[in-house]
Structure formats: structure tokens, C-alpha cells
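Peer 1: To be precise about what I am sending: the file is called coords_9.cif and holds mmCIF, C-alpha atoms.
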```cif
data_my_file
#
loop_
_atom_site.label_atom_id
_atom_site.label_comp_id
_atom_site.auth_asym_id
_atom_site.auth_seq_id
_atom_site.Cartn_x
_atom_site.Cartn_y
_atom_site.Cartn_z
CA MET A 1 12.95 69.79 60.19
CA ALA A 2 10.72 72.87 60.25
CA GLN A 3 11.48 75.53 57.67
CA VAL A 4 11.02 79.27 58.07
CA ILE A 5 9.21 80.52 54.95
CA ASN A 6 8.85 84.19 54.02
CA ILE A 7 5.40 84.68 52.53
CA PRO A 8 4.39 88.14 51.22
CA ILE A 9 1.08 89.57 52.40
CA SER A 10 -0.53 92.99 52.29
CA PHE A 11 -2.09 94.75 55.25
CA GLU A 12 -4.35 97.81 55.07
CA PHE A 13 -6.10 99.65 57.87
CA ARG A 14 -8.79 102.16 56.94
CA ALA A 15 -9.97 104.74 59.45
CA MET A 16 -13.71 105.34 59.47
CA LYS A 17 -15.17 108.59 60.78
CA VAL A 18 -17.51 107.75 63.64
CA ASN A 19 -18.90 109.86 66.47
CA TRP A 20 -18.66 108.10 69.82
CA THR A 21 -20.63 108.50 73.06
CA HIS A 22 -19.98 107.36 76.60
CA THR A 23 -23.06 105.88 78.25
CA THR A 24 -24.43 103.12 80.48
CA ALA A 25 -25.82 99.78 79.29
CA ARG A 26 -28.12 97.23 80.89
CA ILE A 27 -28.38 93.48 80.34
CA ILE A 28 -31.81 92.35 79.12
CA GLY A 29 -31.43 88.74 77.99
CA TRP A 30 -29.52 86.09 76.08
CA TRP A 31 -28.00 86.78 72.67
CA LYS A 32 -29.58 84.61 69.98
CA HIS A 33 -28.04 82.81 67.02
CA ASP A 34 -29.49 83.47 63.57
CA ASP A 35 -31.64 80.35 63.90
CA GLY A 36 -33.09 81.55 67.21
CA ARG A 37 -31.04 79.30 69.49
CA ILE A 38 -29.64 80.75 72.72
CA ASP A 39 -25.99 81.79 72.58
CA THR A 40 -24.87 80.84 76.09
CA ASP A 41 -21.55 82.70 75.66
CA ASN A 42 -23.13 86.11 75.06
CA LEU A 43 -25.82 88.39 76.46
CA ILE A 44 -27.85 91.29 75.05
CA ALA A 45 -26.80 94.74 76.24
CA GLU A 46 -29.37 97.49 75.67
CA VAL A 47 -27.95 100.98 75.24
CA PRO A 48 -29.69 104.36 74.85
CA VAL A 49 -28.83 106.00 71.51
CA ASP A 50 -30.25 109.27 70.17
CA GLY A 51 -33.54 109.01 72.05
CA SER A 52 -34.07 105.31 71.31
CA THR A 53 -32.27 102.09 72.22
CA LYS A 54 -29.95 99.71 70.42
CA THR A 55 -28.76 96.24 71.36
CA TYR A 56 -25.22 94.89 71.30
CA ARG A 57 -23.58 91.56 71.95
CA PHE A 58 -22.11 91.50 75.47
CA PRO A 59 -19.75 88.60 76.39
CA LEU A 60 -20.94 86.57 79.37
CA GLY A 61 -17.40 86.53 80.74
CA HIS A 62 -17.53 90.31 81.24
CA LEU A 63 -20.08 90.02 84.04
CA PRO A 64 -18.90 90.57 87.64
CA PRO A 65 -18.22 87.27 89.48
CA GLN A 66 -21.45 87.27 91.52
CA GLU A 67 -23.72 87.88 88.53
CA TRP A 68 -21.69 85.47 86.40
CA GLU A 69 -22.18 82.61 88.87
CA ARG A 70 -25.93 83.19 89.10
CA VAL A 71 -26.30 83.42 85.31
CA ILE A 72 -24.33 80.18 84.86
CA GLU A 73 -26.71 78.47 87.29
CA LEU A 74 -29.65 79.94 85.35
CA ALA A 75 -28.29 78.62 82.04
CA ILE A 76 -28.45 75.10 83.44
CA ASP A 77 -32.08 75.34 84.53
CA SER A 78 -33.71 78.02 82.39
CA ASP A 79 -33.17 80.31 79.41
CA GLU A 80 -35.77 82.92 80.39
CA ASP A 81 -34.67 86.47 79.57
CA GLU A 82 -36.76 88.00 82.37
CA HIS A 83 -34.99 85.97 85.03
CA LEU A 84 -31.59 86.85 83.59
CA GLU A 85 -32.51 90.53 83.47
CA ARG A 86 -33.42 90.47 87.17
CA ILE A 87 -30.10 88.84 88.07
CA CYS A 88 -28.20 91.57 86.21
CA SER A 89 -30.44 94.47 87.23
CA ALA A 90 -27.76 96.11 89.43
CA PHE A 91 -25.03 95.76 86.82
CA ARG A 92 -24.70 98.90 84.68
CA PRO A 93 -21.53 98.64 82.61
CA GLN A 94 -19.95 101.88 81.40
CA VAL A 95 -19.53 101.61 77.62
CA PHE A 96 -18.58 103.61 74.54
CA ILE A 97 -20.86 103.25 71.54
CA PRO A 98 -20.59 104.48 67.94
CA SER A 99 -23.19 106.71 66.37
CA SER A 100 -25.48 105.32 63.68
CA ARG A 101 -22.66 105.96 61.20
CA GLY A 102 -20.66 103.37 63.14
CA ASP A 103 -23.04 100.55 62.31
CA TYR A 104 -21.87 97.63 60.21
CA VAL A 105 -20.61 98.77 56.82
CA PRO A 106 -20.33 96.18 54.01
CA ARG A 107 -16.77 95.56 52.86
CA GLY A 108 -17.60 96.85 49.40
CA ASP A 109 -18.52 100.23 50.90
CA TRP A 110 -15.34 100.72 52.88
CA GLY A 111 -13.69 102.74 50.14
CA LYS A 112 -16.27 105.53 50.16
CA ASN A 113 -16.78 105.50 53.95
CA SER A 114 -13.17 105.37 55.11
CA ARG A 115 -9.65 106.53 54.36
CA PRO A 116 -6.29 104.71 54.36
CA ALA A 117 -4.50 105.27 57.68
CA ASP A 118 -1.29 104.27 59.43
CA PRO A 119 -2.06 101.50 61.96
CA TRP A 120 1.34 101.92 63.66
CA GLN A 121 0.55 105.58 64.35
CA MET A 122 -2.83 104.48 65.66
CA ARG A 123 -1.09 102.00 67.95
CA ASN A 124 1.09 104.78 69.35
CA ASP A 125 -2.02 106.84 70.08
CA PHE A 126 -3.69 103.78 71.63
CA LEU A 127 -0.74 103.18 73.96
CA GLN A 128 -1.07 106.76 75.22
CA ILE A 129 -4.72 106.41 76.27
CA SER A 130 -5.05 107.18 79.97
CA GLY A 131 -7.63 105.63 82.26
CA ASN A 132 -10.35 108.22 81.73
CA ASN A 133 -13.35 108.52 79.43
CA GLU A 134 -12.19 111.72 77.69
CA SER A 135 -8.94 110.10 76.57
CA VAL A 136 -10.79 107.11 75.12
CA LEU A 137 -13.31 109.30 73.30
CA ASP A 138 -10.50 111.35 71.75
CA PHE A 139 -8.89 108.17 70.44
CA LEU A 140 -12.11 106.60 69.12
CA ASN A 141 -13.32 109.79 67.45
CA LYS A 142 -9.97 110.11 65.67
CA TRP A 143 -9.52 106.52 64.53
CA GLY A 144 -12.91 105.12 64.39
CA HIS A 145 -14.75 101.97 63.83
CA SER A 146 -15.60 99.21 66.26
CA ASN A 147 -18.57 97.81 68.14
CA LEU A 148 -19.52 98.53 71.73
CA VAL A 149 -16.33 99.22 73.75
CA ARG A 150 -15.56 99.11 77.46
CA LEU A 151 -12.73 101.11 79.05
CA VAL A 152 -11.56 98.08 81.04
CA ASP A 153 -11.19 96.03 77.83
CA LEU A 154 -9.18 98.76 76.10
CA LEU A 155 -6.84 99.08 79.08
CA ARG A 156 -6.45 95.29 79.23
CA LEU A 157 -5.47 95.21 75.54
CA GLN A 158 -3.16 98.20 76.06
CA LYS A 159 -1.32 96.31 78.80
CA ALA A 160 -1.03 93.20 76.64
CA VAL A 161 0.40 95.22 73.73
CA ARG A 162 2.96 96.94 75.97
CA GLU A 163 4.06 93.61 77.40
CA ALA A 164 4.29 92.01 73.96
CA LEU A 165 6.52 94.78 72.58
CA THR A 166 8.89 94.92 75.56
CA SER A 167 9.23 91.28 76.64
CA SER A 168 9.43 87.77 75.20
CA PRO A 169 6.92 87.25 72.34
CA GLU A 170 5.87 83.75 73.48
CA LYS A 171 2.97 84.99 75.59
CA TRP A 172 1.60 87.11 72.73
CA PHE A 173 1.71 84.27 70.20
CA ALA A 174 0.03 81.93 72.67
CA SER A 175 -3.00 84.25 72.75
CA PRO A 176 -5.80 84.26 70.15
CA GLN A 177 -5.43 88.02 69.60
CA SER A 178 -2.09 87.47 67.84
CA TYR A 179 -3.86 85.95 64.82
CA PRO A 180 -6.02 88.22 62.64
CA PRO A 181 -9.54 86.85 62.17
CA VAL A 182 -10.13 87.69 58.51
CA TRP A 183 -7.77 86.93 55.62
CA ARG A 184 -8.77 87.43 52.00
CA HIS A 185 -7.50 86.17 48.68
CA ARG A 186 -6.93 88.68 45.92
CA PRO A 187 -6.32 88.08 42.19
CA THR A 188 -3.08 90.09 42.09
CA TYR A 189 0.22 89.95 43.92
CA PRO A 190 0.74 89.36 46.83
CA TYR A 191 -2.56 87.41 46.67
CA PHE A 192 -3.14 87.34 50.44
CA THR A 193 -4.31 90.42 52.28
CA LEU A 194 -5.77 91.64 55.54
CA GLN A 195 -7.95 94.73 55.21
CA THR A 196 -9.83 96.04 58.22
CA VAL A 197 -11.59 99.09 59.66
CA GLU A 198 -11.55 97.58 63.16
CA CYS A 199 -9.09 99.39 65.43
CA THR A 200 -8.38 96.46 67.74
CA THR A 201 -7.78 94.07 64.83
CA ALA A 202 -5.32 96.51 63.24
CA ILE A 203 -3.50 97.13 66.55
CA CYS A 204 -3.05 93.40 67.13
CA MET A 205 -1.85 92.91 63.56
CA THR A 206 0.88 95.56 63.96
CA VAL A 207 2.16 93.77 67.07
CA THR A 208 2.19 90.39 65.31
CA ILE A 209 4.03 91.83 62.29
CA ASP A 210 6.65 93.57 64.45
CA LEU A 211 7.29 90.46 66.52
CA LEU A 212 7.54 88.25 63.42
CA ARG A 213 10.09 90.73 62.05
CA ARG A 214 11.93 90.52 65.40
CA VAL A 215 11.81 94.27 65.88
CA LYS A 216 13.34 95.28 69.24
CA PHE A 217 11.69 97.91 71.43
CA LYS A 218 12.77 100.19 74.25
CA ILE A 219 10.73 102.30 76.66
CA CYS A 220 10.90 106.08 76.28
CA ALA A 221 13.05 107.56 79.07
CA ARG A 222 10.68 110.47 79.60
CA HIS A 223 8.97 109.43 82.84
CA ASP A 224 5.54 110.78 81.85
CA CYS A 225 5.60 109.14 78.42
CA GLY A 226 6.84 105.56 78.69
CA LEU A 227 5.91 104.72 75.10
CA PRO A 228 7.55 101.63 73.55
CA TYR A 229 9.53 102.59 70.44
CA PRO A 230 11.44 100.47 67.88
CA VAL A 231 15.22 100.32 68.03
CA GLN A 232 16.19 101.16 64.45
CA SER A 233 19.97 101.63 64.76
CA LYS A 234 22.93 101.07 67.09
CA HIS A 235 22.69 104.68 68.23
CA LYS A 236 21.77 104.78 71.92
CA ARG A 237 18.51 106.63 71.52
CA LYS A 238 16.71 107.24 74.84
CA TYR A 239 13.45 108.81 73.71
CA CYS A 240 10.60 107.76 71.43
CA SER A 241 10.54 111.09 69.56
CA GLN A 242 12.36 114.39 69.13
CA TYR A 243 9.53 116.00 71.10
CA CYS A 244 10.23 113.88 74.20
CA GLY A 245 13.98 114.43 73.89
CA HIS A 246 13.54 118.18 73.53
CA LEU A 247 11.10 118.35 76.44
CA GLU A 248 13.49 116.47 78.74
CA SER A 249 16.34 118.75 77.65
CA MET A 250 14.25 121.83 78.53
CA ARG A 251 13.39 120.29 81.91
CA ARG A 252 17.06 119.66 82.71
CA ASN A 253 18.03 123.22 81.72
CA ARG A 254 15.22 124.64 83.83
CA LYS A 255 16.30 122.59 86.84
CA GLN A 256 19.95 123.69 86.41
CA ARG A 257 18.96 127.37 86.26
CA ALA A 258 16.84 126.98 89.37
CA SER A 259 19.65 125.36 91.40
#
```
Starting from the file, give its structure as C-alpha cells.
Peer 2:
Amino acid sequence: MAQVINIPISFEFRAMKVNWTHTTARIIGWWKHDDGRIDTDNLIAEVPVDGSTKTYRFPLGHLPPQEWERVIELAIDSDEDEHLERICSAFRPQVFIPSSRGDYVPRGDWGKNSRPADPWQMRNDFLQISGNNESVLDFLNKWGHSNLVRLVDLLRLQKAVREALTSSPEKWFASPQSYPPVWRHRPTYPYFTLQTVECTTAICMTVTIDLLRRVKFKICARHDCGLPYPVQSKHKRKYCSQYCGHLESMRRNRKQRAS
């Protein structure tokens, strides 16, 4: 018989100040492993940054279907970067990239380059991102660190988080994003910890923790909010915050005066 075991862990998210830019990338070849072998799951995306260019890992699965099929055929017969670049020449993905300060920072330097932050508050901000570049830049510039980001990927994760918080948790726990990628041992209690500066890792961890705790969520009744919020008492609360409740009250009063 399986036993449910409560194991203490610690979880810390640290926000790192990074300046973000919206730009266009182009695919120039295959990503390489450290030993020089071709990584057939990833491509190289070249992005203009501060008058020069930088390269980022770009998942092969993010190509449009037509380019994806041609690249898959190429991988069978050839690994030439020039041929791959020609296949992808018309594909110009819109991406968000961090400034040079957003480059990889060793774990030992996190303390002096970041600050402790509330990942649940970050998740609330993330769920309020709209489908435009300005909204994404506001979020990234506030919360920080990641690698190259695409709007479509953020919106896909946003949808998955909403669904996980407001429906059955089975789908979430069947996905790889429900499990944090990096655990660490520590010499003091509680001995196991997850510490990250990656926004998406922290967002996913908050969802996993809430679902493991069996926290129940409702959707804010304000029609232009719709934010999932935790049900913390038996009181029939309709709104995610006092702000939303107050705003809806003002709207009702205004409508009554106008009628």
C-alpha cells in the first residue's frame, strides 16, 4: 500500500534585474554539444544585441510545420549549417532577449546579483500578461532572469497554469513542467531546497506546491480580470482582491445612477 509522506523542503525565488529587448532572430545552423556533435533537437538562433550578435539555443520543435519537415529530412541526409539556414531563411521568430546582464550567472553569485522575491506574486503578474509585446516586457523587466523568450511560449505556459489551478491536477502532473529541474542538498534543515532565478521554473514550482497542498481556486468575477485566486475560507468571496471588488462596486453604482 502506497503511503503519503510529508517531506519538508525549502523553495526560494530570487528576482534578478535584467533589461529586456524585443527583436527578431534568424536560424543559422545546428546547436552543438560540448564535444562538437550535432544536437538534432536544437538549432542556433542568431539575435542582434547592442550592435553585435549573440546566439541562443532554439528548440527544433518551435519551427513552423513546413520548415520543420524540411529540416527533419535534412537531418537524415546532411548536417550542413548552410543548407539548414537556407531552409529557415524566411522564418524570423519574434523573441525577447535579456541584456548582457542577463547572461548566465554562477549560482554562487546569485546573492549579490539578485534579491529574494515572492514567486506567487510573480505568478499573479504572469497570469495578467496580455498578448502584446509591451505587457511581456513590463513583466520581464520587473521579474527578470531567463534565456531567449517567445511570446507564444509564454502564452502557452500561461494557459497551462490557468488550467492547472482551476481544473483537475492530473494533466499538470502528467507534464514534465510540474517537476522542478534542479534540487540541491544543504547541510542544515530542511536539507532539500530549490533555489532559482528562472521565472518559468519558479512559476511552475508554485503551481506544483499549491496542487500538492490541494489548494482550491476560483476565477475572479470581475470580467476584465479573470485571475485565479485561492479559496482560503468558507466565506463566499467573488473577487481576487479588494481592488477588483471595489472596482465592480463602483461600476454597479455608476450604472444604477445612470439608469
Peer 1: In Å, how far is it from atom CA of A:Leu148 to atom CA of A:Ser135?
Peer 2: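 These atoms are spaced 16.4 Å apart.
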Peer 1: Measuring atom to atom with only C-alpha atoms, identify which of A:Gln242, A:Thr200, A:Thr208, A:Ser249 is nearest to A:Ser175.
Peer 2: A:Thr208
Peer 1: Output the residue selection produced by the PyMOL selection byres ((chain A and resi 60-66) around 7) on the file above, formatted as an mmCIF file with C-alpha atoms, in the coordinates of the input.
Peer 2:
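Saved file selection.cif follows:
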```cif
data_model
loop_
_atom_site.group_PDB
_atom_site.id
_atom_site.type_symbol
_atom_site.label_atom_id
_atom_site.label_comp_id
_atom_site.auth_asym_id
_atom_site.auth_seq_id
_atom_site.Cartn_x
_atom_site.Cartn_y
_atom_site.Cartn_z
ATOM 1 C CA ASP A 41 -21.550 82.700 75.660
ATOM 2 C CA ASN A 42 -23.130 86.110 75.060
ATOM 3 C CA LEU A 43 -25.820 88.390 76.460
ATOM 4 C CA PHE A 58 -22.110 91.500 75.470
ATOM 5 C CA PRO A 59 -19.750 88.600 76.390
ATOM 6 C CA GLU A 67 -23.720 87.880 88.530
ATOM 7 C CA TRP A 68 -21.690 85.470 86.400
ATOM 8 C CA GLU A 69 -22.180 82.610 88.870
ATOM 9 C CA ARG A 70 -25.930 83.190 89.100
#
```
Peer 1: Distance atom CA of A:Trp30-atom CA of A:Ile44, one decimal place?
Peer 2: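 Rounded to one decimal, the two atoms are 5.6 Å apart.
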Peer 1: How would you write, as a list in words, the residues chosen by the PyMOL selection byres ((chain A and resi 184) around 10) on this structure?
Peer 2: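 When the PyMOL selection byres ((chain A and resi 184) around 10) is applied to the shown file, the picked residues are Ser10, Val182, Trp183, His185, Arg186, Tyr191, Phe192, Thr193, Leu194 and Gln195 of chain A.
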Peer 1: For the selection just defined, write its residues with C-alpha atoms to a file, as a CSV table (one decimal), in the coordinates of the input.
Peer 2:
```csv
chain,number,residue,atom,x,y,z
A,10,SER,CA,-0.5,93.0,52.3
A,182,VAL,CA,-10.1,87.7,58.5
A,183,TRP,CA,-7.8,86.9,55.6
A,185,HIS,CA,-7.5,86.2,48.7
A,186,ARG,CA,-6.9,88.7,45.9
A,191,TYR,CA,-2.6,87.4,46.7
A,192,PHE,CA,-3.1,87.3,50.4
A,193,THR,CA,-4.3,90.4,52.3
A,194,LEU,CA,-5.8,91.6,55.5
A,195,GLN,CA,-8.0,94.7,55.2
```
Peer 1: Starting from the displayed file, determine the output of the PyMOL selection byres ((chain A and resi 225) around 10) and express the residue list as a PyMOL selection string.
Peer 2: chain A and resi 127-128+219-224+226-228+239-240+244
Peer 1: For a cut-off of 8 Å around (-31.1, 97.9, 75.5), file coordinates, pick out all residues using all atoms listed in the file and list them as a PyMOL selection string.
Peer 2: chain A and resi 25-28+44-48+53-56
Peer 1: Which distance in Å separates atom CA of A:Pro181 and atom CA of A:Thr201, to one decimal?
Peer 2: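 Atom CA of A:Thr201 lies 7.9 Å from atom CA of A:Pro181.
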Peer 1: Under the rule that all atoms listed in the file are counted, which of A:Trp143, A:Pro187, A:Leu165, A:Gly245 is the nearest residue to A:Val231?
Peer 2: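 Distance minimum relative to A:Val231 lands on A:Leu165.
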Peer 1: Within 8 Å of A:Glu85, counting only C-alpha atoms, which residues show up once you throw out same-chain ones fewer than 3 positions away? Write them as a PyMOL selection string, please.
Peer 2: chain A and resi 27-29+81-82+88-89
